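Data file: data-v3.txt. Format and content: compact mmCIF, C-alpha atoms and all ligand atoms.
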# COMPACT_ATOMS: atom_id res chain seq x y z
CA MET A 3 19.65 -14.72 -5.17
CA ASP A 4 21.41 -12.70 -2.49
CA ASP A 5 19.11 -10.97 0.08
CA ARG A 6 21.13 -7.74 -0.07
CA LEU A 7 20.75 -7.52 -3.86
CA PHE A 8 16.97 -8.03 -3.52
CA ARG A 9 16.72 -5.30 -0.86
CA THR A 10 18.92 -2.94 -2.88
CA ALA A 11 16.67 -3.47 -5.93
CA MET A 12 13.43 -3.05 -3.94
CA GLY A 13 14.92 0.04 -2.31
CA ARG A 14 15.05 1.66 -5.78
CA PHE A 15 11.25 1.78 -5.65
CA ALA A 16 10.63 5.10 -3.85
CA THR A 17 7.78 4.99 -1.34
CA GLY A 18 6.11 7.04 1.34
CA VAL A 19 6.23 5.88 4.94
CA THR A 20 3.30 4.89 7.16
CA VAL A 21 2.80 3.96 10.78
CA ILE A 22 0.25 1.18 11.32
CA THR A 23 -1.55 1.26 14.68
CA THR A 24 -3.89 -1.18 16.37
CA LYS A 25 -5.22 -1.83 19.87
CA VAL A 26 -5.51 -5.18 21.67
CA ASN A 27 -6.59 -5.48 25.32
CA GLU A 28 -6.48 -1.68 25.66
CA THR A 29 -2.80 -1.61 24.60
CA ILE A 30 -1.93 0.44 21.52
CA HIS A 31 0.83 -0.89 19.25
CA GLY A 32 2.50 1.01 16.40
CA MET A 33 4.84 -0.16 13.61
CA THR A 34 6.50 1.57 10.64
CA ALA A 35 5.60 0.13 7.22
CA ASN A 36 6.28 1.14 3.63
CA ALA A 37 4.67 -1.97 2.08
CA PHE A 38 1.33 -0.18 1.73
CA VAL A 39 -0.78 -0.32 -1.46
CA SER A 40 -4.05 1.19 -2.65
CA VAL A 41 -5.95 -1.87 -4.00
CA SER A 42 -9.56 -1.08 -4.98
CA LEU A 43 -11.83 1.97 -5.37
CA ASN A 44 -15.17 0.12 -5.10
CA PRO A 45 -15.04 -1.15 -2.42
CA LYS A 46 -12.22 0.98 -0.98
CA LEU A 47 -9.47 -1.49 -0.16
CA ILE A 48 -5.81 -1.12 0.83
CA LEU A 49 -3.20 -3.67 1.79
CA VAL A 50 -0.25 -3.77 4.15
CA SER A 51 2.42 -6.49 4.16
CA ILE A 52 3.63 -7.40 7.66
CA GLY A 53 6.62 -9.65 8.45
CA GLU A 54 5.96 -12.84 10.41
CA GLN A 55 8.50 -11.77 13.06
CA ALA A 56 6.74 -8.47 13.74
CA GLN A 57 4.57 -8.27 16.86
CA MET A 58 2.07 -6.41 14.67
CA ASN A 59 1.37 -9.59 12.67
CA GLU A 60 -0.35 -11.47 15.55
CA LEU A 61 -1.96 -8.28 16.86
CA LEU A 62 -3.69 -7.57 13.52
CA LYS A 63 -5.00 -11.14 13.37
CA GLU A 64 -6.43 -10.64 16.85
CA SER A 65 -7.89 -7.13 16.51
CA GLY A 66 -9.15 -7.22 12.89
CA HIS A 67 -8.92 -3.41 12.82
CA PHE A 68 -6.03 -1.01 12.28
CA ALA A 69 -5.24 2.55 11.28
CA VAL A 70 -2.72 3.77 8.73
CA SER A 71 -1.03 7.18 9.14
CA ILE A 72 0.94 8.50 6.15
CA LEU A 73 3.87 10.46 7.62
CA ASN A 74 4.89 13.99 6.70
CA ASP A 75 8.48 15.13 6.12
CA ASN A 76 8.87 16.26 9.76
CA GLN A 77 8.11 12.78 11.09
CA GLU A 78 11.33 10.86 10.28
CA ASP A 79 12.03 10.42 13.98
CA LEU A 80 8.61 8.75 14.48
CA SER A 81 9.35 6.42 11.55
CA ALA A 82 12.67 5.35 13.11
CA TYR A 83 11.02 4.99 16.52
CA PHE A 84 8.16 2.75 15.31
CA ALA A 85 10.70 0.67 13.35
CA GLY A 86 12.41 -0.14 16.67
CA GLN A 87 15.54 1.81 15.66
CA ILE A 88 15.58 4.18 18.65
CA ASN A 89 16.61 2.42 21.81
CA GLU A 90 14.25 4.07 24.30
CA GLU A 91 10.62 3.81 25.42
CA ARG A 92 8.62 6.93 24.68
CA LYS A 93 5.19 8.08 25.72
CA ILE A 94 3.45 8.75 22.42
CA ASP A 95 0.59 11.24 22.38
CA PHE A 96 -1.72 9.57 19.84
CA ASP A 97 -4.68 11.37 18.28
CA VAL A 98 -8.05 9.62 18.09
CA PHE A 99 -9.81 9.45 14.72
CA ASN A 100 -13.00 7.44 14.09
CA GLY A 101 -12.44 5.74 17.46
CA MET A 102 -8.90 4.60 16.65
CA ASP A 103 -5.46 5.76 17.80
CA VAL A 104 -3.52 7.45 15.01
CA ILE A 105 -0.35 9.53 14.53
CA LYS A 106 -0.97 13.26 15.13
CA ASP A 107 -0.38 15.72 12.26
CA ALA A 108 0.20 12.93 9.68
CA LEU A 109 -0.66 13.72 6.03
CA VAL A 110 -3.43 11.10 6.08
CA ASN A 111 -5.09 9.08 8.83
CA MET A 112 -7.33 6.20 7.79
CA THR A 113 -9.17 3.53 9.75
CA CYS A 114 -9.47 0.04 8.28
CA THR A 115 -11.22 -3.29 8.88
CA VAL A 116 -9.41 -6.46 7.78
CA GLN A 117 -11.32 -8.28 4.99
CA ASN A 118 -8.79 -10.95 4.14
CA SER A 119 -5.28 -12.03 5.05
CA VAL A 120 -2.96 -14.02 2.84
CA VAL A 121 0.29 -15.58 4.01
CA ALA A 122 2.93 -14.77 1.38
CA GLY A 123 6.37 -16.23 2.17
CA ASP A 124 7.66 -14.65 5.37
CA HIS A 125 4.99 -11.88 5.38
CA THR A 126 1.20 -11.70 5.68
CA LEU A 127 -0.78 -9.43 3.35
CA PHE A 128 -3.65 -7.80 5.24
CA ILE A 129 -6.30 -6.59 2.79
CA ALA A 130 -8.61 -4.15 4.50
CA GLU A 131 -11.61 -1.91 3.82
CA VAL A 132 -11.08 1.79 4.56
CA THR A 133 -13.89 2.85 6.91
CA ASP A 134 -12.98 6.55 7.16
CA LEU A 135 -10.09 8.87 6.33
CA ARG A 136 -8.94 12.47 6.62
CA VAL A 137 -6.26 14.38 4.68
CA GLN A 138 -4.07 17.21 5.99
CA ASP A 139 -1.73 19.62 4.15
CA GLY A 140 2.02 19.04 4.00
CA ASP A 141 4.77 17.16 2.15
CA PRO A 142 5.44 13.43 2.47
CA LEU A 143 8.33 11.63 4.12
CA LEU A 144 9.96 9.46 1.43
CA PHE A 145 12.06 6.28 1.71
CA TYR A 146 14.49 5.54 -1.12
CA GLY A 147 17.70 3.51 -1.25
CA GLY A 148 17.35 2.66 2.46
CA ALA A 149 17.38 6.38 3.39
CA TYR A 150 14.82 9.08 4.11
CA ARG A 151 14.31 11.79 1.50
CA ASN A 152 11.90 14.63 0.88
CA ILE A 153 10.33 15.82 -2.35
CA LYS A 154 12.05 19.26 -2.45
P1 LIG B 1 8.32 -3.40 17.86
O1 LIG B 1 9.58 -3.47 17.10
O2 LIG B 1 8.17 -4.08 19.16
O3 LIG B 1 7.81 -1.88 18.05
C1 LIG B 1 8.31 -0.83 17.34
C2 LIG B 1 8.69 0.28 18.29
O4 LIG B 1 7.52 1.05 18.59
C3 LIG B 1 9.27 -0.17 19.64
O5 LIG B 1 10.30 0.74 19.97
C4 LIG B 1 8.07 -0.03 20.58
O6 LIG B 1 8.47 0.23 21.92
C5 LIG B 1 7.36 1.18 19.99
N1 LIG B 1 5.92 1.24 20.28
C6 LIG B 1 4.95 0.50 19.71
N2 LIG B 1 3.76 0.85 20.19
C7 LIG B 1 3.97 1.86 21.09
C8 LIG B 1 3.12 2.66 21.94
N3 LIG B 1 1.80 2.50 21.99
N4 LIG B 1 3.70 3.61 22.69
C9 LIG B 1 5.03 3.81 22.69
N5 LIG B 1 5.88 3.09 21.94
C10 LIG B 1 5.36 2.12 21.15
N6 LIG B 1 8.22 -4.25 8.33
C11 LIG B 1 7.19 -4.91 7.75
O7 LIG B 1 6.83 -6.01 8.19
N7 LIG B 1 6.50 -4.35 6.71
C12 LIG B 1 6.84 -3.15 6.18
O8 LIG B 1 6.18 -2.67 5.25
C13 LIG B 1 7.92 -2.45 6.77
N8 LIG B 1 8.30 -1.26 6.28
C14 LIG B 1 9.32 -0.57 6.85
C15 LIG B 1 9.66 0.69 6.35
C16 LIG B 1 10.69 1.41 6.91
C17 LIG B 1 11.05 2.77 6.32
C18 LIG B 1 11.39 0.89 8.03
C19 LIG B 1 12.50 1.69 8.65
C20 LIG B 1 11.05 -0.35 8.55
C21 LIG B 1 10.00 -1.10 7.97
N9 LIG B 1 9.62 -2.35 8.46
C22 LIG B 1 8.59 -3.04 7.87
C23 LIG B 1 10.28 -2.94 9.63
C24 LIG B 1 9.43 -2.77 10.92
O9 LIG B 1 9.05 -1.42 11.11
C25 LIG B 1 10.25 -3.25 12.15
O10 LIG B 1 10.72 -4.56 11.94
C26 LIG B 1 9.43 -3.16 13.43
O11 LIG B 1 10.32 -3.14 14.54
C27 LIG B 1 8.48 -4.32 13.64
O12 LIG B 1 7.55 -3.92 14.59
P2 LIG B 1 6.94 -4.82 15.71
O13 LIG B 1 5.46 -4.92 15.46
O14 LIG B 1 7.70 -6.09 15.93
O15 LIG B 1 7.08 -3.87 16.96
P1 LIG B 2 16.55 -1.90 3.18
O1 LIG B 2 17.65 -1.62 2.24
O2 LIG B 2 16.57 -3.15 3.98
O3 LIG B 2 15.14 -1.80 2.45
C1 LIG B 2 15.02 -1.48 1.09
C2 LIG B 2 13.75 -2.10 0.56
O4 LIG B 2 13.88 -3.52 0.60
C3 LIG B 2 12.51 -1.81 1.40
O5 LIG B 2 11.90 -0.60 1.03
C4 LIG B 2 11.63 -3.01 1.08
O6 LIG B 2 10.98 -2.79 -0.17
C5 LIG B 2 12.63 -4.13 0.89
N1 LIG B 2 12.79 -4.95 2.11
C6 LIG B 2 13.70 -4.75 3.11
N2 LIG B 2 13.55 -5.70 4.05
C7 LIG B 2 12.55 -6.51 3.63
C8 LIG B 2 11.93 -7.65 4.18
N3 LIG B 2 12.34 -8.21 5.33
N4 LIG B 2 10.92 -8.22 3.48
C9 LIG B 2 10.51 -7.70 2.29
N5 LIG B 2 11.05 -6.61 1.73
C10 LIG B 2 12.05 -6.03 2.40
O7 LIG B 2 16.44 -0.64 4.14
P2 LIG B 2 16.86 -0.54 5.64
O8 LIG B 2 16.99 0.91 5.96
O9 LIG B 2 18.00 -1.45 5.93
O10 LIG B 2 15.55 -1.08 6.40
C11 LIG B 2 15.48 -0.98 7.78
C12 LIG B 2 14.86 -2.23 8.38
O11 LIG B 2 13.48 -2.27 8.07
C13 LIG B 2 15.48 -3.54 7.86
O12 LIG B 2 15.54 -4.44 8.94
C14 LIG B 2 14.45 -4.00 6.84
O13 LIG B 2 14.42 -5.42 6.70
C15 LIG B 2 13.16 -3.48 7.42
N6 LIG B 2 12.16 -3.24 6.36
C16 LIG B 2 11.26 -4.22 6.15
C17 LIG B 2 10.33 -4.09 5.15
C18 LIG B 2 9.31 -5.17 4.95
O14 LIG B 2 9.28 -6.11 5.72
N7 LIG B 2 8.46 -5.12 3.93
C19 LIG B 2 10.29 -2.94 4.37
C20 LIG B 2 11.26 -1.94 4.60
C21 LIG B 2 12.20 -2.11 5.60

Show me, as structure tokens, the structure contained in the file I just sent.
Amino acid sequence: MDDRLFRTAMGRFATGVTVITTKVNETIHGMTANAFVSVSLNPKLILVSIGEQAQMNELLKESGHFAVSILNDNQEDLSAYFAGQINEERKIDFDVFNGMDVIKDALVNMTCTVQNSVVAGDHTLFIAEVTDLRVQDGDPLLFYGGAYRNIK
């Protein structure tokens, strides 16, 4: 099967957009991800699927902790930036929540501890327990058909 056809088909599944953050050796690293799933209510588990080429993959194995920030509809630029699509280095003013660096003003910030990781093809699924979260008002940034949308 052609890769483009697969991506076109998967792109028909509308999602929100998150930025995953972690810290290793006092360095914060962020990465945009839409492969984010709510997995279990008791215990409270989520998963993120991270490509083997992404720096984030090794960093999550090393740190064992990460945060997920669900972006609002004003944060498209941050999504593009943390996907490596803006060719400049920026100084990001992270917020701190439950001791972890998170994206400011996101709809949701949650902190997570990795429980299990499963290599699946060219990605790794990181299944993690949510240790704390907070929810803020606003509308979500959406990703559909390879483009950003909003719900209005
Ligand atoms: P890099 O590409 O090295 O970093 C990303 C960018 O963030 C760079 O510009 C870097 O300089 C900057 N940056 C990171 N940390 C900081 C910091 N502390 N301060 C300042 N700048 C910083 N890939 C997946 O594997 N899974 C997914 O679910 C997924 N979903 C995606 C959804 C969307 C909508 C998009 C657009 C892309 C998605 N990607 C996904 C692709 C992924 O975001 C990119 O491949 C990304 O570049 C891989 O990140 P990396 O860890 O290699 O980091
Ligand atoms: P796109 O048309 O490549 O993405 C549409 C959908 O295809 C995505 O929502 C995702 O479900 C799927 N997809 C895309 N690349 C994938 C990959 N390498 N592995 C598994 N599923 C994948 O949209 P785009 O605007 O061209 O994406 C921008 C960049 O971000 C591309 O390089 C793309 O590969 C990457 N991306 C990766 C993932 C992922 O790894 N899960 C998800 C979204 C986007």

Counting only C-alpha atoms and all ligand atoms, what residues are within 7 Å of ligand LIG 1 (chain B), given as a CSV table (one decimal) with C-alpha atoms, keeping the file's coordinate frame?
chain,number,residue,atom,x,y,z
A,19,VAL,CA,6.2,5.9,4.9
A,29,THR,CA,-2.8,-1.6,24.6
A,30,ILE,CA,-1.9,0.4,21.5
A,31,HIS,CA,0.8,-0.9,19.2
A,32,GLY,CA,2.5,1.0,16.4
A,33,MET,CA,4.8,-0.2,13.6
A,34,THR,CA,6.5,1.6,10.6
A,35,ALA,CA,5.6,0.1,7.2
A,36,ASN,CA,6.3,1.1,3.6
A,37,ALA,CA,4.7,-2.0,2.1
A,38,PHE,CA,1.3,-0.2,1.7
A,50,VAL,CA,-0.2,-3.8,4.2
A,51,SER,CA,2.4,-6.5,4.2
A,52,ILE,CA,3.6,-7.4,7.7
A,53,GLY,CA,6.6,-9.6,8.4
A,55,GLN,CA,8.5,-11.8,13.1
A,56,ALA,CA,6.7,-8.5,13.7
A,57,GLN,CA,4.6,-8.3,16.9
A,58,MET,CA,2.1,-6.4,14.7
A,59,ASN,CA,1.4,-9.6,12.7
A,81,SER,CA,9.4,6.4,11.6
A,82,ALA,CA,12.7,5.4,13.1
A,83,TYR,CA,11.0,5.0,16.5
A,84,PHE,CA,8.2,2.8,15.3
A,85,ALA,CA,10.7,0.7,13.4
A,86,GLY,CA,12.4,-0.1,16.7
A,87,GLN,CA,15.5,1.8,15.7
A,88,ILE,CA,15.6,4.2,18.6
A,89,ASN,CA,16.6,2.4,21.8
A,90,GLU,CA,14.2,4.1,24.3
A,91,GLU,CA,10.6,3.8,25.4
A,92,ARG,CA,8.6,6.9,24.7
A,93,LYS,CA,5.2,8.1,25.7
A,94,ILE,CA,3.4,8.8,22.4
A,125,HIS,CA,5.0,-11.9,5.4
A,145,PHE,CA,12.1,6.3,1.7

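As for atom CA of A:Thr17 and atom C20 of ligand LIG 2 (chain B), they are spaced 9.8 Å apart.
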
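The spacing separating atom CA of A:Pro142 from atom CA of A:Ala108 amounts to 8.9 Å.
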
Can you tell me, as lines of an AutoDock Vina configuration file, the centre and edge lengths (Å, one decimal) of the axis-aligned box enclosing all of ligand LIG 2 (chain B)'s listed atoms after padding each side by 8 Å?
center_x = 13.2
center_y = -3.7
center_z = 4.4
size_x = 25.5
size_y = 25.1
size_z = 25.1

- Task: For atom C17 of ligand LIG 2 (chain B) and atom CA of A:Val121, quote the distance in Å rounded to one decimal.
- Result: 15.3 Å

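Distances here use only C-alpha atoms; by that measure, the residue among A:Arg151, A:Ile105, A:Gly123, A:Met112 closest to A:Arg136 is A:Met112.
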
- Find the residues near A:Val132: any atom within 12 Å, counting only C-alpha atoms, skip ones fewer than 2 places away on the same chain, and give them as a list in words. Ser40, Val41, Ser42, Leu43, Asn44, Pro45, Lys46, Leu47, Ile48, Leu49, His67, Phe68, Ala69, Val70, Asn100, Asn111, Met112, Thr113, Cys114, Thr115, Val116, Gln117, Ile129, Ala130, Asp134, Leu135 and Arg136 of chain A

Residues within 7 Å of A:Tyr146, only C-alpha atoms, excluding chain neighbours under 2 positions, as a PDB file with C-alpha atoms, keeping the file's coordinate frame:
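File produced: part_2.pdb:
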ATOM      1  CA  GLY A  13      14.920   0.040  -2.310  1.00  0.00           C
ATOM      2  CA  ARG A  14      15.050   1.660  -5.780  1.00  0.00           C
ATOM      3  CA  PHE A  15      11.250   1.780  -5.650  1.00  0.00           C
ATOM      4  CA  ALA A  16      10.630   5.100  -3.850  1.00  0.00           C
ATOM      5  CA  THR A  17       7.780   4.990  -1.340  1.00  0.00           C
ATOM      6  CA  LEU A 144       9.960   9.460   1.430  1.00  0.00           C
ATOM      7  CA  GLY A 148      17.350   2.660   2.460  1.00  0.00           C
ATOM      8  CA  ALA A 149      17.380   6.380   3.390  1.00  0.00           C
ATOM      9  CA  TYR A 150      14.820   9.080   4.110  1.00  0.00           C
ATOM     10  CA  ARG A 151      14.310  11.790   1.500  1.00  0.00           C
TER      11      ARG A 151
END

- Pick out the closest residue to ligand LIG 2 (chain B) from this set: A:Asp75, A:Glu131, A:Asp5, A:Asp97. Count all atoms listed in the file. A:Asp5

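Checking A:Asn118, A:Asp139, A:Thr133, A:Ile153 one by one against A:Lys63, counting only C-alpha atoms, you find the shortest gap at A:Asn118.
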
- Task: Compare A:Ala11, A:Glu28, A:Val104, A:Asp95 by their minimum atom-to-atom distance to ligand LIG 2 (chain B), counting only C-alpha atoms and all ligand atoms, and give me the closest one.
- Result: A:Ala11

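When all atoms listed in the file are used to measure the gap to ligand LIG 2 (chain B), the shortest distance among A:Ser65, A:Ser71, A:Thr126, A:Asn76 belongs to A:Thr126.
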
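Using all atoms listed in the file, the residues found no farther than 8 Å from A:Asn74, other than those of its own chain fewer than 5 positions away, are A:Asp107, A:Ala108, A:Leu109, A:Gly140, A:Asp141, A:Pro142, A:Leu143.
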
Could you turn the residues from that selection into a file that holds C-alpha atoms, as an mmCIF file, in the frame of the given file?
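again-v2.cif written:
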data_model
loop_
_atom_site.group_PDB
_atom_site.id
_atom_site.type_symbol
_atom_site.label_atom_id
_atom_site.label_comp_id
_atom_site.auth_asym_id
_atom_site.auth_seq_id
_atom_site.Cartn_x
_atom_site.Cartn_y
_atom_site.Cartn_z
ATOM 1 C CA ASP A 107 -0.380 15.720 12.260
ATOM 2 C CA ALA A 108 0.200 12.930 9.680
ATOM 3 C CA LEU A 109 -0.660 13.720 6.030
ATOM 4 C CA GLY A 140 2.020 19.040 4.000
ATOM 5 C CA ASP A 141 4.770 17.160 2.150
ATOM 6 C CA PRO A 142 5.440 13.430 2.470
ATOM 7 C CA LEU A 143 8.330 11.630 4.120
#

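Candidate residues A:Leu127, A:Leu61, A:Met3, A:Ile72 were compared for distance to ligand LIG 2 (chain B), and the nearest is A:Leu127, using all atoms listed in the file.
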